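Structure file start_35.txt (compact mmCIF, C-alpha atoms) follows.
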# COMPACT_ATOMS: atom_id res chain seq x y z
CA MET A 1 -17.74 28.76 25.25
CA GLU A 2 -17.29 31.12 28.21
CA TRP A 3 -19.07 30.78 31.55
CA ARG A 4 -18.77 33.02 34.60
CA LEU A 5 -16.74 32.11 37.68
CA ILE A 6 -17.30 33.94 40.97
CA LYS A 7 -14.88 33.50 43.86
CA ASP A 8 -16.59 34.97 46.90
CA GLY A 9 -15.41 35.40 50.45
CA TYR A 10 -17.43 34.90 53.62
CA TYR A 11 -21.13 35.68 53.88
CA THR A 12 -23.82 34.75 56.35
CA GLY A 13 -25.89 31.70 55.48
CA PHE A 14 -28.87 33.98 54.84
CA MET A 15 -26.92 36.05 52.31
CA ASN A 16 -25.37 33.01 50.64
CA MET A 17 -28.80 31.54 49.89
CA ALA A 18 -30.06 34.93 48.72
CA ILE A 19 -27.15 35.29 46.30
CA ASP A 20 -27.64 31.81 44.86
CA GLU A 21 -31.32 32.51 44.18
CA ALA A 22 -30.55 35.97 42.77
CA MET A 23 -28.16 34.35 40.27
CA MET A 24 -30.94 31.97 39.24
CA ILE A 25 -33.28 34.89 38.59
CA ALA A 26 -30.64 36.78 36.59
CA HIS A 27 -29.86 33.71 34.51
CA GLU A 28 -33.57 33.08 33.88
CA LYS A 29 -33.75 36.61 32.43
CA SER A 30 -30.66 35.90 30.26
CA LEU A 31 -28.76 38.68 32.06
CA VAL A 32 -25.80 36.46 32.97
CA PRO A 33 -24.19 33.33 31.51
CA PRO A 34 -24.05 29.94 33.25
CA THR A 35 -22.23 30.57 36.51
CA ILE A 36 -20.13 28.67 39.01
CA ARG A 37 -19.66 30.33 42.39
CA PHE A 38 -17.36 29.35 45.25
CA TYR A 39 -18.03 30.76 48.71
CA GLN A 40 -17.72 30.38 52.49
CA TRP A 41 -19.86 30.95 55.58
CA SER A 42 -19.44 33.27 58.56
CA PRO A 43 -20.69 32.63 61.14
CA PRO A 44 -21.12 28.86 60.72
CA ALA A 45 -24.65 27.91 59.74
CA VAL A 46 -26.89 24.90 59.40
CA SER A 47 -28.77 24.84 56.12
CA LEU A 48 -32.06 22.95 56.16
CA GLY A 49 -33.35 21.14 53.10
CA TYR A 50 -36.45 22.79 51.65
CA PHE A 51 -38.87 20.19 53.05
CA GLN A 52 -37.29 19.56 56.46
CA ASP A 53 -38.90 20.36 59.81
CA MET A 54 -36.45 22.60 61.69
CA LYS A 55 -37.45 21.59 65.22
CA LYS A 56 -37.40 17.88 64.43
CA VAL A 57 -34.00 17.96 62.78
CA ILE A 58 -31.99 20.71 64.50
CA ASN A 59 -31.05 21.39 68.12
CA VAL A 60 -32.05 25.04 67.93
CA ASP A 61 -30.90 25.88 71.47
CA ILE A 62 -27.39 24.56 70.88
CA CYS A 63 -27.15 26.49 67.61
CA ARG A 64 -28.17 29.71 69.33
CA LYS A 65 -25.73 29.22 72.21
CA SER A 66 -22.93 28.39 69.77
CA GLY A 67 -23.59 31.30 67.42
CA ILE A 68 -24.62 29.02 64.56
CA ASP A 69 -27.25 30.40 62.18
CA ILE A 70 -30.05 28.28 60.72
CA VAL A 71 -31.25 28.96 57.18
CA ARG A 72 -33.61 27.07 54.89
CA ARG A 73 -32.25 26.32 51.43
CA PRO A 74 -34.25 26.63 48.21
CA THR A 75 -33.01 23.10 47.40
CA GLY A 76 -34.17 19.82 48.87
CA GLY A 77 -32.04 17.23 50.60
CA LYS A 78 -30.81 16.99 54.17
CA ALA A 79 -29.42 19.41 56.74
CA VAL A 80 -25.75 20.41 56.58
CA LEU A 81 -23.49 22.20 59.03
CA HIS A 82 -21.47 24.72 57.00
CA ASP A 83 -18.29 25.57 58.84
CA GLN A 84 -14.82 24.99 57.44
CA GLU A 85 -15.57 24.21 53.82
CA LEU A 86 -15.73 25.38 50.24
CA THR A 87 -19.28 25.64 48.96
CA TYR A 88 -19.99 25.67 45.25
CA SER A 89 -23.11 26.72 43.40
CA PHE A 90 -23.84 25.92 39.78
CA ILE A 91 -26.45 27.87 37.77
CA ILE A 92 -27.55 26.90 34.26
CA ASN A 93 -30.66 26.78 32.09
CA GLU A 94 -32.19 23.30 32.26
CA ASN A 95 -32.42 23.23 28.45
CA HIS A 96 -28.72 23.93 28.02
CA PRO A 97 -27.08 21.23 25.84
CA SER A 98 -24.34 20.70 28.42
CA ILE A 99 -26.68 19.13 30.96
CA SER A 100 -29.34 16.44 31.04
CA GLN A 101 -33.05 16.70 31.77
CA SER A 102 -32.37 14.00 34.36
CA ILE A 103 -31.55 15.29 37.84
CA LEU A 104 -29.38 12.24 38.54
CA ASP A 105 -27.44 12.60 35.29
CA THR A 106 -26.82 16.27 36.08
CA TYR A 107 -25.58 15.30 39.54
CA LYS A 108 -23.25 12.79 37.89
CA LYS A 109 -21.77 15.32 35.46
CA ILE A 110 -21.18 17.99 38.12
CA SER A 111 -19.68 15.35 40.43
CA ARG A 112 -17.29 14.28 37.68
CA ALA A 113 -16.19 17.92 37.34
CA LEU A 114 -15.50 18.05 41.08
CA ILE A 115 -13.66 14.72 40.95
CA ASN A 116 -11.46 16.08 38.15
CA GLY A 117 -10.64 19.08 40.33
CA LEU A 118 -9.82 16.92 43.34
CA ASP A 119 -7.58 14.78 41.15
CA SER A 120 -5.48 17.88 40.45
CA LEU A 121 -4.90 18.04 44.22
CA GLY A 122 -3.78 14.42 44.27
CA ILE A 123 -7.07 13.25 45.84
CA LYS A 124 -8.54 10.15 44.20
CA ALA A 125 -12.30 10.44 44.56
CA ASP A 126 -15.13 8.53 42.94
CA LEU A 127 -18.92 8.51 42.65
CA VAL A 128 -21.25 6.98 45.21
CA PRO A 129 -22.78 4.07 43.25
CA LEU A 130 -26.54 3.84 42.84
CA LYS A 131 -26.88 0.77 45.08
CA GLU A 132 -24.89 2.33 47.94
CA LYS A 133 -27.66 4.56 49.27
CA SER A 134 -30.11 1.82 50.24
CA LYS A 135 -27.35 -0.31 51.71
CA ARG A 136 -26.11 2.43 54.04
CA ILE A 137 -29.56 3.48 55.21
CA ALA A 138 -30.41 -0.14 55.97
CA SER A 139 -27.47 -0.24 58.39
CA ALA A 140 -29.48 1.77 60.95
CA ASN A 141 -31.19 -0.58 63.39
CA SER A 142 -34.52 1.10 64.13
CA PRO A 143 -36.99 3.55 62.56
CA GLN A 144 -35.91 6.29 64.99
CA ASP A 145 -32.26 5.64 64.20
CA THR A 146 -33.01 5.77 60.48
CA LEU A 147 -34.86 9.09 60.84
CA SER A 148 -31.91 10.70 62.63
CA PHE A 149 -29.44 9.10 60.27
CA LYS A 150 -31.18 10.41 57.16
CA ALA A 151 -31.66 13.96 58.46
CA ASN A 152 -27.92 14.66 58.32
CA CYS A 153 -26.52 15.12 54.80
CA PHE A 154 -23.08 13.62 55.37
CA SER A 155 -24.44 10.58 57.21
CA THR A 156 -26.20 9.32 54.10
CA PRO A 157 -24.57 9.19 50.67
CA SER A 158 -26.78 10.25 47.79
CA GLN A 159 -26.48 8.71 44.37
CA TYR A 160 -23.60 10.06 42.30
CA GLU A 161 -22.19 12.22 45.09
CA VAL A 162 -18.44 12.29 45.71
CA GLN A 163 -16.57 10.01 48.10
CA VAL A 164 -12.97 9.11 48.93
CA ASP A 165 -12.26 5.55 50.09
CA GLY A 166 -15.96 5.04 50.79
CA LYS A 167 -16.27 8.25 52.85
CA LYS A 168 -18.39 11.14 51.63
CA ILE A 169 -16.47 14.37 51.05
CA ILE A 170 -18.99 16.45 49.05
CA GLY A 171 -22.73 16.70 49.70
CA SER A 172 -24.95 18.40 47.13
CA ALA A 173 -28.56 19.41 46.53
CA GLN A 174 -30.44 20.58 43.44
CA VAL A 175 -33.59 22.48 42.48
CA ARG A 176 -35.09 23.33 39.10
CA LYS A 177 -37.26 26.41 39.07
CA ARG A 178 -38.60 28.53 36.21
CA GLY A 179 -36.41 26.64 33.76
CA VAL A 180 -33.15 27.13 35.68
CA VAL A 181 -31.04 24.57 37.53
CA LEU A 182 -29.41 25.46 40.83
CA GLN A 183 -27.11 22.88 42.34
CA HIS A 184 -24.96 23.72 45.33
CA GLY A 185 -22.86 21.61 47.62
CA SER A 186 -20.27 21.46 50.38
CA LEU A 187 -16.68 20.29 50.02
CA LEU A 188 -15.38 19.73 53.54
CA ILE A 189 -11.96 21.24 54.25
CA LYS A 190 -11.95 20.47 57.98
CA LEU A 191 -14.38 18.33 59.94
CA ASP A 192 -15.13 18.78 63.63
CA ARG A 193 -17.28 15.70 64.33
CA ASN A 194 -18.23 16.76 67.86
CA LYS A 195 -19.46 20.12 66.63
CA TRP A 196 -21.24 18.48 63.71
CA PHE A 197 -23.22 16.10 65.89
CA SER A 198 -24.03 18.72 68.51
CA VAL A 199 -26.37 20.61 66.19
CA PHE A 200 -28.65 17.71 65.23
CA ASN A 201 -31.46 16.16 67.25
CA PHE A 202 -31.35 12.51 68.25
CA PRO A 203 -33.81 10.37 70.25
CA SER A 204 -31.13 9.66 72.86
CA MET A 205 -27.42 9.97 73.55
CA ALA A 206 -27.06 6.26 72.78
CA VAL A 207 -28.57 6.72 69.32
CA ARG A 208 -26.39 9.76 68.74
CA GLN A 209 -23.26 7.78 69.63
CA LYS A 210 -24.28 4.84 67.46
CA ILE A 211 -24.89 7.07 64.44
CA LYS A 212 -21.67 8.97 65.09
CA GLU A 213 -19.78 5.67 64.93
CA LYS A 214 -21.41 4.92 61.56
CA PHE A 215 -20.63 8.41 60.25
CA LYS A 216 -18.67 7.93 57.04
CA ALA A 217 -17.42 11.34 56.04
CA THR A 218 -14.00 12.81 55.46
CA CYS A 219 -12.41 16.13 54.57
CA ILE A 220 -9.56 17.60 52.54
CA GLU A 221 -7.16 18.02 55.45
CA GLU A 222 -7.72 14.48 56.79
CA ILE A 223 -6.79 13.10 53.37
CA THR A 224 -3.87 15.38 52.47
CA LYS A 225 -2.51 15.78 56.03
CA LYS A 226 -1.86 19.44 55.36
CA LYS A 227 -3.66 22.78 55.46
CA MET A 228 -5.68 23.61 52.38
CA PRO A 229 -6.68 27.28 52.03
CA PHE A 230 -9.90 28.21 50.28
CA SER A 231 -7.89 30.29 47.80
CA LYS A 232 -5.99 27.24 46.57
CA LEU A 233 -9.14 25.15 46.19
CA SER A 234 -10.98 27.93 44.35
CA ASN A 235 -8.07 28.21 41.91
CA ILE A 236 -7.81 24.46 41.19
CA LEU A 237 -11.43 23.25 41.16
CA PRO A 238 -12.46 25.37 38.14
CA LYS A 239 -10.13 23.29 35.97
CA GLY A 240 -12.30 20.26 36.63
CA PHE A 241 -15.42 22.08 35.41
CA GLU A 242 -13.60 23.38 32.34
CA LYS A 243 -12.54 19.84 31.43
CA GLU A 244 -15.92 18.18 32.07
CA PHE A 245 -18.05 20.83 30.35
CA ASN A 246 -15.54 21.85 27.66
CA ILE A 247 -15.76 25.51 28.60
CA LYS A 248 -13.60 28.45 29.64
CA LEU A 249 -14.40 29.99 33.01
CA VAL A 250 -13.95 33.75 33.15
CA GLU A 251 -13.71 35.27 36.60
CA GLY A 252 -16.35 37.89 37.30
CA LYS A 253 -18.62 39.25 39.99
CA LEU A 254 -22.28 39.78 40.73
CA THR A 255 -24.08 42.30 38.57
CA LYS A 256 -25.89 45.29 40.04
CA PHE A 257 -29.15 43.50 39.30
CA GLU A 258 -28.03 40.41 41.24
CA GLU A 259 -26.87 42.54 44.16
CA LYS A 260 -30.23 44.31 44.29
CA ILE A 261 -32.24 41.06 44.11
CA SER A 262 -30.03 39.29 46.66
CA HIS A 263 -30.53 42.08 49.22
CA ARG A 264 -34.28 41.97 48.62
CA LEU A 265 -34.30 38.18 49.07
CA LEU A 266 -32.19 38.54 52.21
CA LYS A 267 -34.62 41.01 53.75
CA ASN A 268 -37.90 39.43 52.69
CA LYS A 269 -37.11 35.71 52.62
CA TYR A 270 -33.93 34.15 53.93
CA SER A 271 -33.54 36.16 57.13
CA ILE A 272 -37.16 35.89 58.28
CA GLU A 273 -38.68 33.39 60.71
CA GLU A 274 -41.65 32.50 58.50
CA TRP A 275 -39.33 31.10 55.85
CA ASN A 276 -36.69 29.43 57.98
CA GLN A 277 -38.99 27.82 60.52
CA LYS A 278 -42.19 27.21 58.61
CA ARG A 279 -41.36 27.55 54.89
CA GLN A 280 -44.07 30.18 54.62
CA LEU A 281 -43.52 33.08 52.27
CA ASP A 282 -45.43 35.96 50.74
CA GLU A 283 -44.13 35.96 47.17
CA ASN A 284 -45.37 39.53 46.71
CA ARG A 285 -42.69 40.73 49.14
CA ILE A 286 -39.86 39.58 46.87

Encoding of this model in structure tokens:
Amino acid sequence: MEWRLIKDGYYTGFMNMAIDEAMMIAHEKSLVPPTIRFYQWSPPAVSLGYFQDMKKVINVDICRKSGIDIVRRPTGGKAVLHDQELTYSFIINENHPSISQSILDTYKKISRALINGLDSLGIKADLVPLKEKSKRIASANSPQDTLSFKANCFSTPSQYEVQVDGKKIIGSAQVRKRGVVLQHGSLLIKLDRNKWFSVFNFPSMAVRQKIKEKFKATCIEEITKKKMPFSKLSNILPKGFEKEFNIKLVEGKLTKFEEKISHRLLKNKYSIEEWNQKRQLDENRI
């Protein structure tokens, strides 16, 4: 069974989200096979989970001064700073025999594929166990602390996400829409903790420092102690998906239809204030 693999370069956060949704639409229409896409972000961007309140979660002024974009994802979950990383997206029909109707079971299978890929790099990763999430959240000492702690994707491990020695290395989010699954996630290559914590809002500097000390995340270069180019990761990680899903990935590119839809989504959804700040959208414009 052949699926499509797309190895993209750098795009803005707005365009990256537009492309992911365009692939969903193309797959829904049976125009493209199940697809795995690897990509990067330029400039850096914070992606908000679908339901998050931008002004509560993000320090908008700091982002603007630092040249960091803010885009709302079509998926749920928590905010992520996308900087020096490999991002993957995974598109498949929710009735496909290779995946489960259960969101958690689908997370688990995709995470196992990523773990297989990391193993090829000599990185021994495992799944965040189900009980881990409640235990970590409970470590925050006050409701305000907990709110700030949970708003940041890599501060809180989600069930069946990927960790190394108890530190989260991949954060993912999923949506199912019109019969199609989109899951995308961030594999950290480098991690600038000061930059990461500068973009999120906290009740006080003391709370920020306390949460920063509890921050259990890691990245490829911290683990391997050497530089890891995107090109190497995008060549090795597909092997993990091929093994887990028993498929052959064939490298391809976006179709003309996907390019057209992604540019329309960029113009009428992901780059506009109504969507990114307020989650308001006129569907007739897309």

Length of the atom CA of A:Leu118 to atom CA of A:Val175 vector [Å]: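 Computing the Euclidean distance for atom CA of A:Leu118 and atom CA of A:Val175 yields 24.4 Å.
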
Residue neighbourhood stretch 224-233 of chain A, 10 Å, all atoms listed in the file, exclusion window fewer than 5 positions, as a list in words: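 Counting all atoms listed in the file, the residues come to Lys7, Asp8, Gly9, Phe38, Tyr39, Gln40, Gln84, Glu85, Leu86, Thr87, Gly117, Leu118, Ser120, Leu121, Gly122, Ile123, Leu187, Ile189, Lys190, Cys219 and Pro238 of chain A.
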
Dump C-alpha atoms for the selected residues as a PDB file, in the frame of the given file?
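This went into selection24.pdb:
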ATOM      1  CA  LYS A   7     -14.880  33.500  43.860  1.00  0.00           C
ATOM      2  CA  ASP A   8     -16.590  34.970  46.900  1.00  0.00           C
ATOM      3  CA  GLY A   9     -15.410  35.400  50.450  1.00  0.00           C
ATOM      4  CA  PHE A  38     -17.360  29.350  45.250  1.00  0.00           C
ATOM      5  CA  TYR A  39     -18.030  30.760  48.710  1.00  0.00           C
ATOM      6  CA  GLN A  40     -17.720  30.380  52.490  1.00  0.00           C
ATOM      7  CA  GLN A  84     -14.820  24.990  57.440  1.00  0.00           C
ATOM      8  CA  GLU A  85     -15.570  24.210  53.820  1.00  0.00           C
ATOM      9  CA  LEU A  86     -15.730  25.380  50.240  1.00  0.00           C
ATOM     10  CA  THR A  87     -19.280  25.640  48.960  1.00  0.00           C
ATOM     11  CA  GLY A 117     -10.640  19.080  40.330  1.00  0.00           C
ATOM     12  CA  LEU A 118      -9.820  16.920  43.340  1.00  0.00           C
ATOM     13  CA  SER A 120      -5.480  17.880  40.450  1.00  0.00           C
ATOM     14  CA  LEU A 121      -4.900  18.040  44.220  1.00  0.00           C
ATOM     15  CA  GLY A 122      -3.780  14.420  44.270  1.00  0.00           C
ATOM     16  CA  ILE A 123      -7.070  13.250  45.840  1.00  0.00           C
ATOM     17  CA  LEU A 187     -16.680  20.290  50.020  1.00  0.00           C
ATOM     18  CA  ILE A 189     -11.960  21.240  54.250  1.00  0.00           C
ATOM     19  CA  LYS A 190     -11.950  20.470  57.980  1.00  0.00           C
ATOM     20  CA  CYS A 219     -12.410  16.130  54.570  1.00  0.00           C
ATOM     21  CA  PRO A 238     -12.460  25.370  38.140  1.00  0.00           C
TER      22      PRO A 238
END

Near-A:Arg4 list (9 Å; all atoms listed in the file; drop same-chain fewer than 3 positions) as JSON, numbers by chain: {"A": [32, 33, 34, 35, 36, 37, 248, 249, 250, 251, 252, 253]}

Nearest to A:Leu182 by atom-to-atom distance, counting all atoms listed in the file, from A:Ile92, A:Ile99, A:Leu254, A:Leu127: A:Ile92

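Using all atoms listed in the file, the smallest distance between any of A:Ser30, A:Gln101, A:Thr12, A:Asn93 and A:Ala45 comes from A:Thr12.
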
Contact residues around A:Asp126 with all atoms listed in the file at 8 Å, ignoring same-chain residues under 5 positions, as a PyMOL selection string: chain A and resi 115+162-164

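In this model, the gap between atom CA of A:Asn59 and atom CA of A:Lys167 comes to 25.0 Å.
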